[in-house]
Structures are given as structure tokens and as C-alpha cells.
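Shown below: entry.pdb, with PDB, C-alpha atoms.
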ATOM      1  CA  MET A   1     -16.165   3.022 -50.001  1.00  0.00           C
ATOM      2  CA  THR A   2     -19.937   3.302 -49.574  1.00  0.00           C
ATOM      3  CA  ALA A   3     -21.755   6.160 -47.967  1.00  0.00           C
ATOM      4  CA  GLU A   4     -23.936   5.314 -45.003  1.00  0.00           C
ATOM      5  CA  ALA A   5     -27.254   6.981 -44.341  1.00  0.00           C
ATOM      6  CA  PRO A   6     -27.054   9.418 -41.449  1.00  0.00           C
ATOM      7  CA  ALA A   7     -28.439   8.089 -38.202  1.00  0.00           C
ATOM      8  CA  ALA A   8     -31.855   9.388 -37.156  1.00  0.00           C
ATOM      9  CA  PRO A   9     -31.584  11.852 -34.278  1.00  0.00           C
ATOM     10  CA  ALA A  10     -32.424  10.603 -30.805  1.00  0.00           C
ATOM     11  CA  LEU A  11     -35.960  11.540 -29.812  1.00  0.00           C
ATOM     12  CA  ALA A  12     -37.350  11.690 -26.294  1.00  0.00           C
ATOM     13  CA  TYR A  13     -40.566  10.057 -27.556  1.00  0.00           C
ATOM     14  CA  GLY A  14     -42.194   8.775 -30.740  1.00  0.00           C
ATOM     15  CA  ARG A  15     -40.606   7.977 -34.082  1.00  0.00           C
ATOM     16  CA  LEU A  16     -39.112  10.014 -36.905  1.00  0.00           C
ATOM     17  CA  LEU A  17     -39.971   8.852 -40.422  1.00  0.00           C
ATOM     18  CA  PRO A  18     -38.499  10.246 -43.629  1.00  0.00           C
ATOM     19  CA  VAL A  19     -40.774  11.844 -46.239  1.00  0.00           C
ATOM     20  CA  THR A  20     -40.008  13.319 -49.637  1.00  0.00           C
ATOM     21  CA  VAL A  21     -41.519  16.527 -50.952  1.00  0.00           C
ATOM     22  CA  HIS A  22     -41.688  16.489 -54.745  1.00  0.00           C
ATOM     23  CA  PHE A  23     -41.922  19.459 -57.095  1.00  0.00           C
ATOM     24  CA  ASP A  24     -45.571  18.660 -57.856  1.00  0.00           C
ATOM     25  CA  ASP A  25     -46.423  18.892 -54.134  1.00  0.00           C
ATOM     26  CA  LEU A  26     -45.781  22.642 -54.307  1.00  0.00           C
ATOM     27  CA  ASP A  27     -48.551  25.147 -55.009  1.00  0.00           C
ATOM     28  CA  ALA A  28     -48.562  28.052 -57.473  1.00  0.00           C
ATOM     29  CA  LEU A  29     -46.453  30.134 -55.052  1.00  0.00           C
ATOM     30  CA  GLY A  30     -43.826  27.405 -54.804  1.00  0.00           C
ATOM     31  CA  LEU A  31     -44.845  26.405 -51.274  1.00  0.00           C
ATOM     32  CA  LEU A  32     -45.815  22.952 -50.071  1.00  0.00           C
ATOM     33  CA  HIS A  33     -49.596  22.955 -50.488  1.00  0.00           C
ATOM     34  CA  ASN A  34     -51.381  23.027 -47.119  1.00  0.00           C
ATOM     35  CA  ALA A  35     -53.372  19.872 -47.948  1.00  0.00           C
ATOM     36  CA  ARG A  36     -50.176  17.894 -48.577  1.00  0.00           C
ATOM     37  CA  TYR A  37     -49.017  18.098 -44.958  1.00  0.00           C
ATOM     38  CA  PRO A  38     -51.782  15.869 -43.518  1.00  0.00           C
ATOM     39  CA  LEU A  39     -51.488  13.534 -46.520  1.00  0.00           C
ATOM     40  CA  MET A  40     -47.773  13.032 -45.926  1.00  0.00           C
ATOM     41  CA  VAL A  41     -48.357  12.597 -42.195  1.00  0.00           C
ATOM     42  CA  GLU A  42     -50.953   9.896 -42.990  1.00  0.00           C
ATOM     43  CA  ARG A  43     -48.469   8.129 -45.263  1.00  0.00           C
ATOM     44  CA  ALA A  44     -45.846   8.248 -42.506  1.00  0.00           C
ATOM     45  CA  TRP A  45     -48.324   6.684 -40.041  1.00  0.00           C
ATOM     46  CA  ALA A  46     -49.107   3.947 -42.577  1.00  0.00           C
ATOM     47  CA  ALA A  47     -45.383   3.194 -42.898  1.00  0.00           C
ATOM     48  CA  LEU A  48     -44.947   3.156 -39.116  1.00  0.00           C
ATOM     49  CA  TRP A  49     -47.844   0.744 -38.560  1.00  0.00           C
ATOM     50  CA  ASN A  50     -46.597  -1.381 -41.452  1.00  0.00           C
ATOM     51  CA  ASP A  51     -43.230  -1.605 -39.630  1.00  0.00           C
ATOM     52  CA  HIS A  52     -45.189  -3.025 -36.679  1.00  0.00           C
ATOM     53  CA  GLY A  53     -46.755  -5.687 -38.915  1.00  0.00           C
ATOM     54  CA  PHE A  54     -50.111  -3.976 -39.481  1.00  0.00           C
ATOM     55  CA  LEU A  55     -50.852  -4.046 -43.193  1.00  0.00           C
ATOM     56  CA  GLY A  56     -53.820  -1.682 -43.202  1.00  0.00           C
ATOM     57  CA  TYR A  57     -56.856  -1.760 -45.434  1.00  0.00           C
ATOM     58  CA  GLU A  58     -56.722  -4.233 -48.316  1.00  0.00           C
ATOM     59  CA  GLY A  59     -60.337  -4.156 -49.532  1.00  0.00           C
ATOM     60  CA  ASP A  60     -62.139  -5.799 -46.597  1.00  0.00           C
ATOM     61  CA  TRP A  61     -63.159  -3.621 -43.635  1.00  0.00           C
ATOM     62  CA  GLU A  62     -63.773  -6.622 -41.394  1.00  0.00           C
ATOM     63  CA  ALA A  63     -60.265  -7.919 -42.059  1.00  0.00           C
ATOM     64  CA  ALA A  64     -58.818  -4.409 -41.652  1.00  0.00           C
ATOM     65  CA  GLY A  65     -59.381  -4.632 -37.897  1.00  0.00           C
ATOM     66  CA  ASP A  66     -57.816  -1.617 -36.199  1.00  0.00           C
ATOM     67  CA  PHE A  67     -57.602   0.183 -39.533  1.00  0.00           C
ATOM     68  CA  CYS A  68     -61.371   0.384 -39.661  1.00  0.00           C
ATOM     69  CA  ASN A  69     -61.382   3.809 -38.039  1.00  0.00           C
ATOM     70  CA  ALA A  70     -62.588   7.330 -38.686  1.00  0.00           C
ATOM     71  CA  VAL A  71     -61.091  10.750 -38.111  1.00  0.00           C
ATOM     72  CA  LYS A  72     -62.982  12.714 -35.477  1.00  0.00           C
ATOM     73  CA  GLU A  73     -60.756  15.780 -35.434  1.00  0.00           C
ATOM     74  CA  LEU A  74     -57.682  17.170 -37.187  1.00  0.00           C
ATOM     75  CA  ARG A  75     -55.766  20.220 -35.970  1.00  0.00           C
ATOM     76  CA  ILE A  76     -52.716  21.583 -37.729  1.00  0.00           C
ATOM     77  CA  SER A  77     -50.642  24.711 -37.310  1.00  0.00           C
ATOM     78  CA  TYR A  78     -48.236  25.864 -39.986  1.00  0.00           C
ATOM     79  CA  GLU A  79     -45.067  27.388 -38.536  1.00  0.00           C
ATOM     80  CA  ALA A  80     -42.696  27.874 -41.481  1.00  0.00           C
ATOM     81  CA  PRO A  81     -43.121  27.368 -45.216  1.00  0.00           C
ATOM     82  CA  ILE A  82     -41.511  24.558 -47.154  1.00  0.00           C
ATOM     83  CA  ASN A  83     -40.463  26.126 -50.422  1.00  0.00           C
ATOM     84  CA  ARG A  84     -38.423  23.435 -52.127  1.00  0.00           C
ATOM     85  CA  PRO A  85     -38.576  19.753 -52.908  1.00  0.00           C
ATOM     86  CA  GLY A  86     -36.349  17.460 -50.912  1.00  0.00           C
ATOM     87  CA  GLU A  87     -36.005  15.181 -47.941  1.00  0.00           C
ATOM     88  CA  TYR A  88     -37.915  16.017 -44.767  1.00  0.00           C
ATOM     89  CA  ALA A  89     -39.297  14.004 -41.849  1.00  0.00           C
ATOM     90  CA  VAL A  90     -42.433  13.484 -39.817  1.00  0.00           C
ATOM     91  CA  HIS A  91     -42.128  13.024 -36.054  1.00  0.00           C
ATOM     92  CA  LEU A  92     -45.020  10.858 -34.818  1.00  0.00           C
ATOM     93  CA  TRP A  93     -46.267   9.915 -31.363  1.00  0.00           C
ATOM     94  CA  LEU A  94     -49.433   9.120 -29.442  1.00  0.00           C
ATOM     95  CA  GLU A  95     -50.764  11.707 -27.006  1.00  0.00           C
ATOM     96  CA  ARG A  96     -53.546   9.428 -25.760  1.00  0.00           C
ATOM     97  CA  LEU A  97     -54.526   5.803 -26.296  1.00  0.00           C
ATOM     98  CA  GLY A  98     -58.068   5.228 -25.073  1.00  0.00           C
ATOM     99  CA  ASN A  99     -60.362   2.221 -25.266  1.00  0.00           C
ATOM    100  CA  THR A 100     -61.907   3.078 -28.654  1.00  0.00           C
ATOM    101  CA  GLY A 101     -60.095   6.278 -29.616  1.00  0.00           C
ATOM    102  CA  LEU A 102     -56.656   7.777 -29.731  1.00  0.00           C
ATOM    103  CA  THR A 103     -55.004  11.123 -30.260  1.00  0.00           C
ATOM    104  CA  TYR A 104     -51.780  11.268 -32.146  1.00  0.00           C
ATOM    105  CA  GLY A 105     -49.368  14.117 -32.388  1.00  0.00           C
ATOM    106  CA  PHE A 106     -47.124  15.003 -35.276  1.00  0.00           C
ATOM    107  CA  ARG A 107     -44.457  17.446 -36.400  1.00  0.00           C
ATOM    108  CA  PHE A 108     -43.581  17.949 -40.044  1.00  0.00           C
ATOM    109  CA  CYS A 109     -39.900  18.835 -39.769  1.00  0.00           C
ATOM    110  CA  SER A 110     -36.497  18.937 -41.373  1.00  0.00           C
ATOM    111  CA  ALA A 111     -34.819  15.571 -41.904  1.00  0.00           C
ATOM    112  CA  ASP A 112     -32.696  16.164 -38.783  1.00  0.00           C
ATOM    113  CA  ALA A 113     -35.813  17.177 -36.774  1.00  0.00           C
ATOM    114  CA  ALA A 114     -34.259  20.579 -35.978  1.00  0.00           C
ATOM    115  CA  ILE A 115     -36.818  22.757 -37.815  1.00  0.00           C
ATOM    116  CA  THR A 116     -40.583  22.403 -37.356  1.00  0.00           C
ATOM    117  CA  TYR A 117     -42.663  23.411 -40.369  1.00  0.00           C
ATOM    118  CA  ALA A 118     -46.051  22.273 -39.062  1.00  0.00           C
ATOM    119  CA  HIS A 119     -47.433  20.423 -36.064  1.00  0.00           C
ATOM    120  CA  GLY A 120     -50.762  19.129 -34.918  1.00  0.00           C
ATOM    121  CA  THR A 121     -52.974  16.379 -33.580  1.00  0.00           C
ATOM    122  CA  ARG A 122     -55.504  14.002 -35.021  1.00  0.00           C
ATOM    123  CA  VAL A 123     -58.195  12.067 -33.164  1.00  0.00           C
ATOM    124  CA  LEU A 124     -59.212   8.638 -34.491  1.00  0.00           C
ATOM    125  CA  VAL A 125     -62.054   6.361 -33.405  1.00  0.00           C
ATOM    126  CA  ARG A 126     -61.862   2.603 -33.991  1.00  0.00           C
ATOM    127  CA  LEU A 127     -65.085   1.349 -35.641  1.00  0.00           C
ATOM    128  CA  ASP A 128     -66.829  -1.987 -35.810  1.00  0.00           C
ATOM    129  CA  ALA A 129     -66.983  -2.863 -39.525  1.00  0.00           C
ATOM    130  CA  ALA A 130     -70.578  -4.126 -39.353  1.00  0.00           C
ATOM    131  CA  THR A 131     -72.186  -1.411 -37.205  1.00  0.00           C
ATOM    132  CA  LEU A 132     -69.783   1.529 -37.678  1.00  0.00           C
ATOM    133  CA  ARG A 133     -70.034   2.086 -33.917  1.00  0.00           C
ATOM    134  CA  PRO A 134     -66.951   2.610 -31.722  1.00  0.00           C
ATOM    135  CA  THR A 135     -65.217  -0.609 -30.722  1.00  0.00           C
ATOM    136  CA  PRO A 136     -62.034  -1.309 -28.713  1.00  0.00           C
ATOM    137  CA  TRP A 137     -58.568  -1.401 -30.250  1.00  0.00           C
ATOM    138  CA  SER A 138     -57.058  -4.882 -30.402  1.00  0.00           C
ATOM    139  CA  ASP A 139     -54.589  -5.948 -27.723  1.00  0.00           C
ATOM    140  CA  ARG A 140     -51.871  -6.215 -30.389  1.00  0.00           C
ATOM    141  CA  PHE A 141     -52.507  -2.633 -31.506  1.00  0.00           C
ATOM    142  CA  ARG A 142     -52.518  -1.374 -27.910  1.00  0.00           C
ATOM    143  CA  VAL A 143     -49.113  -2.981 -27.232  1.00  0.00           C
ATOM    144  CA  ALA A 144     -47.610  -1.290 -30.312  1.00  0.00           C
ATOM    145  CA  GLY A 145     -49.343   1.981 -29.460  1.00  0.00           C
ATOM    146  CA  ARG A 146     -48.008   2.092 -25.897  1.00  0.00           C
ATOM    147  CA  GLU A 147     -44.461   2.251 -27.313  1.00  0.00           C
ATOM    148  CA  LEU A 148     -45.409   5.531 -29.015  1.00  0.00           C
ATOM    149  CA  LEU A 149     -47.058   7.252 -26.044  1.00  0.00           C
ATOM    150  CA  ARG A 150     -45.573  10.581 -25.089  1.00  0.00           C
ATOM    151  CA  SER A 151     -44.666  10.700 -21.416  1.00  0.00           C
ATOM    152  CA  ARG A 152     -46.431  13.308 -19.291  1.00  0.00           C
ATOM    153  CA  ASP A 153     -43.358  13.869 -17.086  1.00  0.00           C
TER     154      ASP A 153
END
Represent the structure of the file as C-alpha cells.
Amino acid sequence: MTAEAPAAPALAYGRLLPVTVHFDDLDALGLLHNARYPLMVERAWAALWNDHGFLGYEGDWEAAGDFCNAVKELRISYEAPINRPGEYAVHLWLERLGNTGLTYGFRFCSADAAITYAHGTRVLVRLDAATLRPTPWSDRFRVAGRELLRSRD
């Protein structure tokens, strides 16, 4: 008999991606270091976009397309400490998908999404590789992004 992985909880919006906190992610007090939260959220986004067939940056900004972008703003609030290594999750969604920018939301949470440890938003601007000026997201990216938009109901 083989054990099956537990099903991801149903979410009203966005996606839940698993992340692992390792012992060396903890600070001197035994807490997940504050700088690790956004790093793990970024890795979860990379995995999500990879699942949609976007491979990200591979050494050529022109070829990177929608991944040629810059962070305009990052906001994060820490709600409860993570004080041990283990399996957790990141809940990801888009708050806004504009012509050249987007705002994504995130929750760093327990693997079952029941406990929120941190939450926040990040604003990205898509850049033209040659000029580094804002440029529109590709149609392919916009289609994938619309699936992640949080409803305003």
C-alpha cells in the first residue's frame, strides 16, 4: 500500500504551492529569517509560472520576455513566527493585471493554508530589454495571469 499526498485545500482564488523551510533558513533566534519569506515567495512564483510553460530568465533578457521585469514595490507583514523547519505553503494570486504592471498578493502559510505567517503584495513592471522602459505583457502571459486574478466580489 502506498501513501498518497494529501490533496491541496480548495481555495476561492489563486494557487497554493508547497515550500520547505530548512534549518539553515532560521536565524540566531531559531525563527525563519525575515528575508527568507520574500525569497521563498519568489521561488513559488517561479514554480507557478514554470507550470504555465514560462521558463524564466536563462541568460538573455530579450528572450526572457515577460520575465524582463523589475520590482517597484514590496510590502510584507509578519503575523506569526515560523520556528521550525518543515513543510509550509505559499498562497499566490494576482490583485491587478495592468498593461505594463501587475500587483500580486501572497500568504506564507501552513501546508493546509489554515495558519497565515506572513502576507503581502509586490508590484512588478514589465520592461523592454533594450530600453528598460515599461512595455506590455505578452498576450500569453495575460491569459495565464487572468486565471490568477482575485475576484472583487
Taking into account only C-alpha atoms, which residue in the set A:Ala130, A:Leu11, A:Val123, A:Val143 is nearest to Gly101 (chain A)? A:Val123
Please provide the set of residues having any atom within 9 Å of Gly65 (chain A), restricted to all atoms listed in the file, with same-chain residues fewer than 3 positions apart removed, written as a list in words. Gly56, Tyr57, Trp61, Glu62, Cys68, Asn69, Arg126, Leu127, Asp128, Ala129, Trp137 and Ser138 of chain A
List every protein, DNA or RNA residue that has at least one atom no more than 12 Å from (-56.0, 7.2, -22.2) in the file's coordinates, counting only C-alpha atoms, and write the result as a ChimeraX atom specification. /A:94-104,142,145-146,149-152
Output the residue selection produced by the PyMOL selection byres ((chain A and resi 110) around 12) on the file above, formatted as a ChimeraX atom specification. /A:8-9,16-21,80-82,84-91,107-109,111-118
One number please: CA of Thr131 (chain A) to CA of Val71 (chain A), in Å, one decimal.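 Value for the CA of Thr131 (chain A)-CA of Val71 (chain A) distance: 16.5 Å.
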As AutoDock Vina command-line options, please report the centre and edge lengths, rounded to one decimal in Å, of the axis-aligned box that holds all listed atoms of region 31-39 of chain A with 5 Å of padding on each of the six sides.
--center_x -49.1 --center_y 20.0 --center_z -47.4 --size_x 18.5 --size_y 22.9 --size_z 17.8
How about completing region 26-37 of chain A with all heavy atoms and giving it to me as a PDB file, in the frame of the given file?
ATOM      1  N   LEU A  26     -45.795  21.205 -54.559  1.00  0.00           N
ATOM      2  CA  LEU A  26     -45.781  22.642 -54.307  1.00  0.00           C
ATOM      3  C   LEU A  26     -46.950  23.318 -55.003  1.00  0.00           C
ATOM      4  O   LEU A  26     -47.408  22.878 -56.058  1.00  0.00           O
ATOM      5  CB  LEU A  26     -44.461  23.244 -54.793  1.00  0.00           C
ATOM      6  CG  LEU A  26     -43.183  22.606 -54.228  1.00  0.00           C
ATOM      7  CD1 LEU A  26     -41.956  23.292 -54.809  1.00  0.00           C
ATOM      8  CD2 LEU A  26     -43.160  22.620 -52.720  1.00  0.00           C
ATOM      9  N   ASP A  27     -47.438  24.405 -54.416  1.00  0.00           N
ATOM     10  CA  ASP A  27     -48.551  25.147 -55.009  1.00  0.00           C
ATOM     11  C   ASP A  27     -48.029  26.192 -55.994  1.00  0.00           C
ATOM     12  O   ASP A  27     -46.832  26.247 -56.294  1.00  0.00           O
ATOM     13  CB  ASP A  27     -49.437  25.763 -53.922  1.00  0.00           C
ATOM     14  CG  ASP A  27     -48.739  26.824 -53.071  1.00  0.00           C
ATOM     15  OD1 ASP A  27     -47.657  27.318 -53.470  1.00  0.00           O
ATOM     16  OD2 ASP A  27     -49.280  27.167 -52.016  1.00  0.00           O
ATOM     17  N   ALA A  28     -48.921  27.051 -56.470  1.00  0.00           N
ATOM     18  CA  ALA A  28     -48.562  28.052 -57.473  1.00  0.00           C
ATOM     19  C   ALA A  28     -47.535  29.063 -56.954  1.00  0.00           C
ATOM     20  O   ALA A  28     -46.814  29.675 -57.742  1.00  0.00           O
ATOM     21  CB  ALA A  28     -49.811  28.784 -57.953  1.00  0.00           C
ATOM     22  N   LEU A  29     -47.440  29.217 -55.636  1.00  0.00           N
ATOM     23  CA  LEU A  29     -46.453  30.134 -55.052  1.00  0.00           C
ATOM     24  C   LEU A  29     -45.114  29.449 -54.767  1.00  0.00           C
ATOM     25  O   LEU A  29     -44.196  30.078 -54.247  1.00  0.00           O
ATOM     26  CB  LEU A  29     -46.993  30.742 -53.754  1.00  0.00           C
ATOM     27  CG  LEU A  29     -48.223  31.642 -53.900  1.00  0.00           C
ATOM     28  CD1 LEU A  29     -48.719  32.067 -52.530  1.00  0.00           C
ATOM     29  CD2 LEU A  29     -47.906  32.841 -54.770  1.00  0.00           C
ATOM     30  N   GLY A  30     -45.055  28.147 -55.071  1.00  0.00           N
ATOM     31  CA  GLY A  30     -43.826  27.405 -54.804  1.00  0.00           C
ATOM     32  C   GLY A  30     -43.703  26.921 -53.378  1.00  0.00           C
ATOM     33  O   GLY A  30     -42.617  26.583 -52.924  1.00  0.00           O
ATOM     34  N   LEU A  31     -44.809  26.875 -52.660  1.00  0.00           N
ATOM     35  CA  LEU A  31     -44.845  26.405 -51.274  1.00  0.00           C
ATOM     36  C   LEU A  31     -45.521  25.037 -51.220  1.00  0.00           C
ATOM     37  O   LEU A  31     -46.422  24.762 -52.020  1.00  0.00           O
ATOM     38  CB  LEU A  31     -45.625  27.377 -50.398  1.00  0.00           C
ATOM     39  CG  LEU A  31     -45.146  28.829 -50.405  1.00  0.00           C
ATOM     40  CD1 LEU A  31     -46.096  29.692 -49.590  1.00  0.00           C
ATOM     41  CD2 LEU A  31     -43.722  28.930 -49.894  1.00  0.00           C
ATOM     42  N   LEU A  32     -45.117  24.220 -50.252  1.00  0.00           N
ATOM     43  CA  LEU A  32     -45.815  22.952 -50.071  1.00  0.00           C
ATOM     44  C   LEU A  32     -47.274  23.254 -49.795  1.00  0.00           C
ATOM     45  O   LEU A  32     -47.599  24.012 -48.874  1.00  0.00           O
ATOM     46  CB  LEU A  32     -45.196  22.155 -48.917  1.00  0.00           C
ATOM     47  CG  LEU A  32     -45.825  20.796 -48.639  1.00  0.00           C
ATOM     48  CD1 LEU A  32     -45.738  19.876 -49.851  1.00  0.00           C
ATOM     49  CD2 LEU A  32     -45.162  20.145 -47.432  1.00  0.00           C
ATOM     50  N   HIS A  33     -48.162  22.691 -50.613  1.00  0.00           N
ATOM     51  CA  HIS A  33     -49.596  22.955 -50.488  1.00  0.00           C
ATOM     52  C   HIS A  33     -50.084  22.508 -49.113  1.00  0.00           C
ATOM     53  O   HIS A  33     -49.706  21.441 -48.621  1.00  0.00           O
ATOM     54  CB  HIS A  33     -50.364  22.216 -51.582  1.00  0.00           C
ATOM     55  CG  HIS A  33     -51.779  22.647 -51.688  1.00  0.00           C
ATOM     56  ND1 HIS A  33     -52.742  22.206 -50.825  1.00  0.00           N
ATOM     57  CD2 HIS A  33     -52.385  23.499 -52.550  1.00  0.00           C
ATOM     58  CE1 HIS A  33     -53.903  22.753 -51.147  1.00  0.00           C
ATOM     59  NE2 HIS A  33     -53.706  23.539 -52.198  1.00  0.00           N
ATOM     60  N   ASN A  34     -50.921  23.314 -48.485  1.00  0.00           N
ATOM     61  CA  ASN A  34     -51.381  23.027 -47.119  1.00  0.00           C
ATOM     62  C   ASN A  34     -52.042  21.668 -46.987  1.00  0.00           C
ATOM     63  O   ASN A  34     -51.952  21.038 -45.943  1.00  0.00           O
ATOM     64  CB  ASN A  34     -52.306  24.140 -46.615  1.00  0.00           C
ATOM     65  CG  ASN A  34     -53.615  24.182 -47.353  1.00  0.00           C
ATOM     66  OD1 ASN A  34     -54.523  23.426 -47.052  1.00  0.00           O
ATOM     67  ND2 ASN A  34     -53.732  25.072 -48.334  1.00  0.00           N
ATOM     68  N   ALA A  35     -52.703  21.177 -48.011  1.00  0.00           N
ATOM     69  CA  ALA A  35     -53.372  19.872 -47.948  1.00  0.00           C
ATOM     70  C   ALA A  35     -52.388  18.712 -48.028  1.00  0.00           C
ATOM     71  O   ALA A  35     -52.748  17.581 -47.684  1.00  0.00           O
ATOM     72  CB  ALA A  35     -54.401  19.761 -49.070  1.00  0.00           C
ATOM     73  N   ARG A  36     -51.169  18.958 -48.461  1.00  0.00           N
ATOM     74  CA  ARG A  36     -50.176  17.894 -48.577  1.00  0.00           C
ATOM     75  C   ARG A  36     -49.600  17.494 -47.218  1.00  0.00           C
ATOM     76  O   ARG A  36     -49.165  16.361 -47.043  1.00  0.00           O
ATOM     77  CB  ARG A  36     -49.045  18.305 -49.518  1.00  0.00           C
ATOM     78  CG  ARG A  36     -49.513  18.673 -50.913  1.00  0.00           C
ATOM     79  CD  ARG A  36     -50.292  17.580 -51.572  1.00  0.00           C
ATOM     80  NE  ARG A  36     -49.392  16.760 -52.356  1.00  0.00           N
ATOM     81  CZ  ARG A  36     -49.766  15.676 -52.989  1.00  0.00           C
ATOM     82  NH1 ARG A  36     -50.998  15.263 -52.929  1.00  0.00           N
ATOM     83  NH2 ARG A  36     -48.902  14.989 -53.683  1.00  0.00           N
ATOM     84  N   TYR A  37     -49.562  18.422 -46.271  1.00  0.00           N
ATOM     85  CA  TYR A  37     -49.017  18.098 -44.958  1.00  0.00           C
ATOM     86  C   TYR A  37     -49.762  16.925 -44.315  1.00  0.00           C
ATOM     87  O   TYR A  37     -49.134  15.923 -43.962  1.00  0.00           O
ATOM     88  CB  TYR A  37     -49.060  19.314 -44.027  1.00  0.00           C
ATOM     89  CG  TYR A  37     -48.095  20.417 -44.368  1.00  0.00           C
ATOM     90  CD1 TYR A  37     -48.405  21.373 -45.329  1.00  0.00           C
ATOM     91  CD2 TYR A  37     -46.875  20.523 -43.707  1.00  0.00           C
ATOM     92  CE1 TYR A  37     -47.528  22.407 -45.614  1.00  0.00           C
ATOM     93  CE2 TYR A  37     -45.991  21.553 -43.988  1.00  0.00           C
ATOM     94  CZ  TYR A  37     -46.321  22.482 -44.955  1.00  0.00           C
ATOM     95  OH  TYR A  37     -45.442  23.499 -45.243  1.00  0.00           O
TER      96      TYR A  37
END
